[in-house]
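Q: Structure provided below as structure tokens; questions to follow.
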Amino acid sequence: MTRIYSPFVVAKFGGTSVANFDAMSRSASIVLADPQVRVVVLSASSGVTNLLVSLSEGLSAQDRSDKIETLRALTHAILSSLKQPDAVRPSIDTLLDSITRLADQAAQASSPALSDELVSHGELLSTLLFTAILSERGAKANWLDAREIIRTDSHFGCAEPDITAIAQQVQTRLLPHVEDSIVVTQGFIGSDADGRTTTLGRGGSDYTASLLGEALTASRVDIWTDVAGIYTTDPRIVPQAQRIDTLSFSEASDMAAYGAKVLHPATLMPAMRKNIPVFVGSSKNPEAGGTRVCRETENPTSYRALAVRRKQTLVKCRRPDAQSSVEFNARIFALLAELRLQAELVSTSENGIAWILDATHATSGDDGDLLTSLQEKLAAHCVLEVESGLALMTLVGHRLSQSERLCRDVFSQLDGCAVRMVCHGAGEHNLSVLLPGESADSAVKMLHKRLFEQTEAQGYAA
Ligand code: ASP
Ligand code: MG
């Protein structure tokens with residue numbers, strides 16, 4: 001199918017790229033350097049979402065006022081660097097007052113809906129300030145409330161976008177402005193059918209950018225962050241990690257899903273649906289280039305990257321003797337669906353079912369909350385055994401399922417490590433190993449060395 005792409009580029013800047021006036025100014029220069037960039041999606045300044053999440057959990061009066069003071073200082077520091085701060089100050093102060101009011105409410109009784117409302121203020125603040133910076137630099141910039149466009153369901157903390165409604169809203173509320181101005185809007189936030197604020201899960205601004213890119217049929221989505229692209233593994237664990245210049249959508253989405261922090265896991269789906277290339281680069285160092293994610297790649301090597309997801313919980317569900325495996329499996333999966341829980345790395349046997357639980361992306365709630373509801377739901381049907389503090393290490397590669405040396409390459413490096421579970425085969429491009437959390441770093445280092453620092457292993461299928 002031939003698709004007509006709009007000339008527009010959607011550029012998203014993460015928390016460190018809008019952390020203060022200097023960072024915002026650098027990001028503004030990136031926007032202004034490319035006339036095709038007409039939609040700018042921003043995260044909250046770094047640290048702000050965490051601060052707002054803690055306010056939404058209900059703090060003492062003293063802690064609340066300390067946190068709000070920190071936020072006021074951060075925001076006012078940016079404001080005071082503007083040439084005309086008074087043009088934006090009233091809107092900023094209204095938002096800070098609203099944060100104070102919502103934090104007081106949360107201290108009385110907190111709820112996921114209230115939490116999303118409160119947390120959304122981080123992006124509202126950063127976008128107001130950034131719009132002012134662009135305007136002061138002579139650009140025609142329009143601030144847009146993303147909640148008018150990003151329609152979602154009411155699953156607060158991790159809402160599901162409504163693609164059809166978003167496409168309609170983009171046509172009527174966004175498109176008319178992009179022809180002659182730069183539209184600045186918030187990542188991460190949306191609204192449900194009743195107009196209540198929702199969020200797309202932690203790190204969700206990337207997802208907003210690609211949803212808007214999809215609705216606009218943009219020619220590219222740029223994700224500006226603090227690293228110059230996607231690496232073979234987290235360079236904080238392995239300094240020898242190398243930047244990957246091109247990745248396919250499926251490789252990059254596997255990496256994101258399995259813990260590479262650089263992209264929100266859902267980000268690539270909208271881009272994939274419309275075949276829109278996604279570029280990942282560093283706003284601190286745009287000249288360093290980055291990673292291009294697109295449909296086709298010419299990557300010769302088979303091993304592409306190693307991702308790690310921490311804080312994984314292994315859940316085992318023992319089957320009662322009186323029940324057949326078929327009935328038992330059907331019942332457990334139905335109960336998990338009711339809880340909207342995606343069981344990953346599922347393994348079934350005569351004794352029951354085992355899977356892992358991951359809570360790394362919800363705005364509110366952690367393993368503890370999920371486990372409590374799981375226990376309540378499943379207690380009547382089976383005996384649950386739970387083991388937390390595990391880490392999931394995933395090797396992403398091109399056609400791993402065809403490799404005859406995969407097992408030797410991987411498992412020879414895991415000698416001495418108590419592997420808890422292995423998953424391979426459901427997808428063509430990955431192999432996941434569940435390990436004790438404390439073994440993860442050394443396993444990644446050893447495996448990276450074997451697979452990415454020795455040319456012989458890298459090129460096995462070339
Ligand atoms: N500000 C939100 C967060 O910290 C969303 C994002 O940065 O993408 O999770
Ligand atoms: Mg992010």
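Starting from 1 in every chain, residues are counted up; chains themselves are A, B, ... following the order of the structure tokens, and ligands are numbered from 1 as listed.
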Which residues sit within 6 Å of ligand 2, counting only C-alpha atoms and all ligand atoms, listed as a list in words?

A: Gly14, Gly203, Val262 and Leu263 of chain A

Q: Restricting it to C-alpha atoms, dump the selection as a PDB file, in the first residue's frame.

A:
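again_16.pdb, freshly written:
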ATOM      1  CA  GLY A  14      12.589  13.433  27.883  1.00  0.00           C
ATOM      2  CA  GLY A 203       7.912   6.718  30.669  1.00  0.00           C
ATOM      3  CA  VAL A 262      15.588   4.020  26.489  1.00  0.00           C
ATOM      4  CA  LEU A 263      12.064   3.585  25.063  1.00  0.00           C
TER       5      LEU A 263
END

Q: Per residue of chain A within 6 Å of ligand 1, record the nearest atom pair and its distance in Å to one decimal, counting only C-alpha atoms and all ligand atoms, with rows in chain order and ascending residue number, as a tab-separated table.

A:
residue	atom	partner	partner_atom_place_in_ligand_line	distance
A:Gly14	CA	ligand 1	7 (O)	5.6
A:Gly15	CA	ligand 1	7 (O)	5.6
A:Ser43	CA	ligand 1	7 (O)	4.4
A:Ala44	CA	ligand 1	1 (N)	4.6
A:Thr49	CA	ligand 1	4 (O)	4.9
A:Phe188	CA	ligand 1	5 (C)	5.0
A:Arg202	CA	ligand 1	9 (O)	3.4
A:Gly203	CA	ligand 1	8 (O)	3.2
A:Gly204	CA	ligand 1	8 (O)	4.3
A:Ser205	CA	ligand 1	8 (O)	3.7
A:Asp206	CA	ligand 1	8 (O)	5.9

Q: What lies within 12 Å of Glu376 in chain A using only C-alpha atoms, ignoring chain neighbours under 6 positions off, as a list in words?

A: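 Here the answer would be Leu335, Leu336, Leu339, Asp369, Leu370, Cys382, Val383 and Leu384 of chain A.
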
Q: How about saving the chosen residues, N, CA and C atoms kept, as a PDB file, in the first residue's frame?

A:
ATOM      1  N   LEU A 335      -8.754 -15.809  35.117  1.00  0.00           N
ATOM      2  CA  LEU A 335      -8.625 -14.939  36.295  1.00  0.00           C
ATOM      3  C   LEU A 335      -7.560 -13.865  36.072  1.00  0.00           C
ATOM      4  N   LEU A 336      -6.483 -14.243  35.419  1.00  0.00           N
ATOM      5  CA  LEU A 336      -5.434 -13.252  35.140  1.00  0.00           C
ATOM      6  C   LEU A 336      -5.961 -12.162  34.199  1.00  0.00           C
ATOM      7  N   LEU A 339      -7.846  -9.594  35.974  1.00  0.00           N
ATOM      8  CA  LEU A 339      -6.963  -8.668  36.691  1.00  0.00           C
ATOM      9  C   LEU A 339      -6.133  -7.807  35.737  1.00  0.00           C
ATOM     10  N   ASP A 369       1.069  -4.533  45.543  1.00  0.00           N
ATOM     11  CA  ASP A 369      -0.366  -4.352  45.279  1.00  0.00           C
ATOM     12  C   ASP A 369      -0.875  -5.431  44.335  1.00  0.00           C
ATOM     13  N   LEU A 370      -0.081  -5.690  43.295  1.00  0.00           N
ATOM     14  CA  LEU A 370      -0.509  -6.688  42.321  1.00  0.00           C
ATOM     15  C   LEU A 370      -0.611  -8.062  42.960  1.00  0.00           C
ATOM     16  N   CYS A 382      -6.037 -22.359  43.965  1.00  0.00           N
ATOM     17  CA  CYS A 382      -4.742 -23.041  43.952  1.00  0.00           C
ATOM     18  C   CYS A 382      -3.875 -22.550  45.108  1.00  0.00           C
ATOM     19  N   VAL A 383      -2.728 -23.189  45.261  1.00  0.00           N
ATOM     20  CA  VAL A 383      -1.757 -22.700  46.243  1.00  0.00           C
ATOM     21  C   VAL A 383      -0.729 -21.875  45.469  1.00  0.00           C
ATOM     22  N   LEU A 384      -0.506 -20.666  45.961  1.00  0.00           N
ATOM     23  CA  LEU A 384       0.447 -19.782  45.276  1.00  0.00           C
ATOM     24  C   LEU A 384       1.802 -19.811  45.963  1.00  0.00           C
TER      25      LEU A 384
END

Q: Counting only C-alpha atoms, what is within 6 Å of range 237-246 of chain A, bar same-chain residues fewer than 4 positions away, as an mmCIF file with all heavy atoms, in the first residue's frame?

A:
data_model
loop_
_atom_site.group_PDB
_atom_site.id
_atom_site.type_symbol
_atom_site.label_atom_id
_atom_site.label_comp_id
_atom_site.auth_asym_id
_atom_site.auth_seq_id
_atom_site.Cartn_x
_atom_site.Cartn_y
_atom_site.Cartn_z
ATOM 1 N N ILE A 230 20.474 3.659 21.061
ATOM 2 C CA ILE A 230 20.226 2.403 21.767
ATOM 3 C C ILE A 230 21.529 1.593 21.713
ATOM 4 O O ILE A 230 22.151 1.488 20.659
ATOM 5 C CB ILE A 230 19.056 1.636 21.111
ATOM 6 C CG1 ILE A 230 17.796 2.540 21.114
ATOM 7 C CG2 ILE A 230 18.792 0.325 21.824
ATOM 8 C CD1 ILE A 230 16.579 1.926 20.447
ATOM 9 N N TYR A 231 21.910 1.044 22.837
ATOM 10 C CA TYR A 231 23.193 0.346 22.944
ATOM 11 C C TYR A 231 23.015 -1.167 23.042
ATOM 12 O O TYR A 231 21.925 -1.646 23.363
ATOM 13 C CB TYR A 231 23.947 0.879 24.170
ATOM 14 C CG TYR A 231 24.609 2.208 23.891
ATOM 15 C CD1 TYR A 231 23.837 3.349 23.672
ATOM 16 C CD2 TYR A 231 25.994 2.322 23.793
ATOM 17 C CE1 TYR A 231 24.428 4.563 23.373
ATOM 18 C CE2 TYR A 231 26.595 3.536 23.509
ATOM 19 C CZ TYR A 231 25.803 4.648 23.297
ATOM 20 O OH TYR A 231 26.392 5.850 22.996
ATOM 21 N N THR A 232 24.108 -1.876 22.821
ATOM 22 C CA THR A 232 24.045 -3.339 22.889
ATOM 23 C C THR A 232 23.656 -3.815 24.289
ATOM 24 O O THR A 232 23.103 -4.901 24.441
ATOM 25 C CB THR A 232 25.391 -3.989 22.494
ATOM 26 O OG1 THR A 232 26.439 -3.296 23.193
ATOM 27 C CG2 THR A 232 25.629 -3.925 20.998
ATOM 28 N N THR A 233 23.961 -3.028 25.290
ATOM 29 C CA THR A 233 23.381 -3.236 26.621
ATOM 30 C C THR A 233 23.539 -1.931 27.387
ATOM 31 O O THR A 233 24.069 -0.950 26.855
ATOM 32 C CB THR A 233 24.023 -4.439 27.350
ATOM 33 O OG1 THR A 233 23.156 -4.833 28.424
ATOM 34 C CG2 THR A 233 25.402 -4.117 27.925
ATOM 35 N N THR A 291 20.361 6.161 17.037
ATOM 36 C CA THR A 291 19.886 4.902 16.462
ATOM 37 C C THR A 291 18.633 5.167 15.643
ATOM 38 O O THR A 291 17.743 5.895 16.080
ATOM 39 C CB THR A 291 19.542 3.907 17.596
ATOM 40 O OG1 THR A 291 20.725 3.640 18.324
ATOM 41 C CG2 THR A 291 18.987 2.601 17.042
ATOM 42 N N ARG A 292 18.584 4.561 14.468
ATOM 43 C CA ARG A 292 17.385 4.669 13.644
ATOM 44 C C ARG A 292 16.662 3.321 13.720
ATOM 45 O O ARG A 292 17.259 2.277 13.476
ATOM 46 C CB ARG A 292 17.803 4.984 12.211
ATOM 47 C CG ARG A 292 16.670 5.217 11.263
ATOM 48 C CD ARG A 292 17.254 5.537 9.887
ATOM 49 N NE ARG A 292 16.287 5.248 8.852
ATOM 50 C CZ ARG A 292 15.402 6.132 8.394
ATOM 51 N NH1 ARG A 292 15.387 7.345 8.883
ATOM 52 N NH2 ARG A 292 14.552 5.803 7.457
ATOM 53 N N VAL A 293 15.387 3.398 14.069
ATOM 54 C CA VAL A 293 14.585 2.177 14.140
ATOM 55 C C VAL A 293 13.601 2.208 12.981
ATOM 56 O O VAL A 293 12.858 3.179 12.810
ATOM 57 C CB VAL A 293 13.800 2.092 15.477
ATOM 58 C CG1 VAL A 293 13.073 0.758 15.580
ATOM 59 C CG2 VAL A 293 14.725 2.287 16.673
#

Q: Interatomic distance between CA of Ala141 in chain A and CA of Val227 in chain A?

A: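 Pair CA of Ala141 in chain A / CA of Val227 in chain A returns 26.8 Å.
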
Q: As a list in words, please: the residues near Ala23 in chain A (cut-off 12 Å, only C-alpha atoms, same-chain neighbours under 2 positions excluded).

A: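 Near Ala23 in chain A, the qualifying residues are Phe13, Gly14, Gly15, Thr16, Ser17, Val18, Ala19, Asn20, Phe21, Ser25, Arg26, Ser27, Ala28, Ser29, Ile30, Ser45, Ser46, Ile78, Ser126, Leu129, Phe130, Ile133, Trp224, Thr225, Asp226, Ser282, Ser283, Lys284 and Asn285 of chain A.
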
Q: Under the rule that only C-alpha atoms are counted, which of A:Pro161, A:Gly213, A:Gly259, A:Pro265 is the nearest residue to Asp234 in chain A?

A: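 Looking at the shortest contact to Asp234 in chain A, the residue is A:Gly259.
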
Q: For Ser210 in chain A, list every protein, DNA or RNA residue within 12 Å, evaluated using only C-alpha atoms, and leave out those in the same chain fewer than 6 positions away; present the list as a PDB file with C-alpha atoms, in the first residue's frame.

A:
ATOM      1  CA  VAL A   9       8.279  15.329  12.303  1.00  0.00           C
ATOM      2  CA  VAL A  10       7.209  14.743  15.887  1.00  0.00           C
ATOM      3  CA  ALA A  11      10.038  15.397  18.363  1.00  0.00           C
ATOM      4  CA  LYS A  12       9.863  14.204  21.936  1.00  0.00           C
ATOM      5  CA  VAL A  39       4.910  18.773  17.004  1.00  0.00           C
ATOM      6  CA  VAL A  40       6.933  18.784  20.204  1.00  0.00           C
ATOM      7  CA  VAL A  41       6.064  16.341  22.978  1.00  0.00           C
ATOM      8  CA  ILE A 150      -5.010  11.555  23.687  1.00  0.00           C
ATOM      9  CA  PRO A 161      -5.171   4.825  24.191  1.00  0.00           C
ATOM     10  CA  ILE A 163      -6.491   5.024  18.430  1.00  0.00           C
ATOM     11  CA  ILE A 166      -7.024  10.066  18.782  1.00  0.00           C
ATOM     12  CA  GLY A 187       3.611  13.403  26.754  1.00  0.00           C
ATOM     13  CA  PHE A 188       2.287  10.751  29.113  1.00  0.00           C
ATOM     14  CA  GLY A 204       4.768   7.110  28.559  1.00  0.00           C
ATOM     15  CA  LEU A 216      -0.417  12.550  11.600  1.00  0.00           C
ATOM     16  CA  THR A 217       1.272   9.938   9.388  1.00  0.00           C
ATOM     17  CA  ALA A 218       4.438  11.819  10.285  1.00  0.00           C
ATOM     18  CA  SER A 219       7.575  11.296   8.254  1.00  0.00           C
ATOM     19  CA  ARG A 220       9.594  10.609  11.424  1.00  0.00           C
ATOM     20  CA  VAL A 221       9.398  10.494  15.198  1.00  0.00           C
ATOM     21  CA  ASP A 222      12.483  11.737  17.059  1.00  0.00           C
ATOM     22  CA  ILE A 223      13.049  10.686  20.644  1.00  0.00           C
ATOM     23  CA  LEU A 263      12.064   3.585  25.063  1.00  0.00           C
ATOM     24  CA  HIS A 264       8.648   2.983  26.618  1.00  0.00           C
ATOM     25  CA  PRO A 265       7.691  -0.569  25.547  1.00  0.00           C
ATOM     26  CA  ALA A 266       4.558   0.403  23.626  1.00  0.00           C
ATOM     27  CA  THR A 267       6.275   3.172  21.670  1.00  0.00           C
ATOM     28  CA  LEU A 268       7.086   1.259  18.547  1.00  0.00           C
ATOM     29  CA  MET A 269       3.644  -0.213  17.914  1.00  0.00           C
ATOM     30  CA  PRO A 270       2.058   2.937  16.425  1.00  0.00           C
ATOM     31  CA  ALA A 271       5.218   3.634  14.407  1.00  0.00           C
ATOM     32  CA  MET A 272       5.206   0.063  13.139  1.00  0.00           C
ATOM     33  CA  ARG A 273       1.550   0.260  12.108  1.00  0.00           C
ATOM     34  CA  LYS A 274       2.334   3.171   9.802  1.00  0.00           C
ATOM     35  CA  ASN A 275       5.955   2.306   9.056  1.00  0.00           C
ATOM     36  CA  ILE A 276       7.270   5.565  10.504  1.00  0.00           C
ATOM     37  CA  PRO A 277      10.993   5.579  11.309  1.00  0.00           C
ATOM     38  CA  VAL A 278      11.929   6.430  14.882  1.00  0.00           C
ATOM     39  CA  PHE A 279      15.203   8.141  15.687  1.00  0.00           C
TER      40      PHE A 279
END

Q: Could you state the separation of CA of Val346 in chain A and CA of Lys316 in chain A in Å, given to one decimal place?

A: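 According to the coordinates, CA of Val346 in chain A and CA of Lys316 in chain A are separated by 9.8 Å.
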
Q: Provide the CA of Ala159 in chain A to CA of Leu118 in chain A distance in Å, to one decimal place.

A: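 Interatomic distance here is 15.4 Å.
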
Q: Nearest to Val386 in chain A: which of A:Arg318, A:Ala256, A:Asp441, A:Ile332 is it, counting only C-alpha atoms?

A: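 That would be A:Arg318, the residue with the smallest distance to Val386 in chain A.
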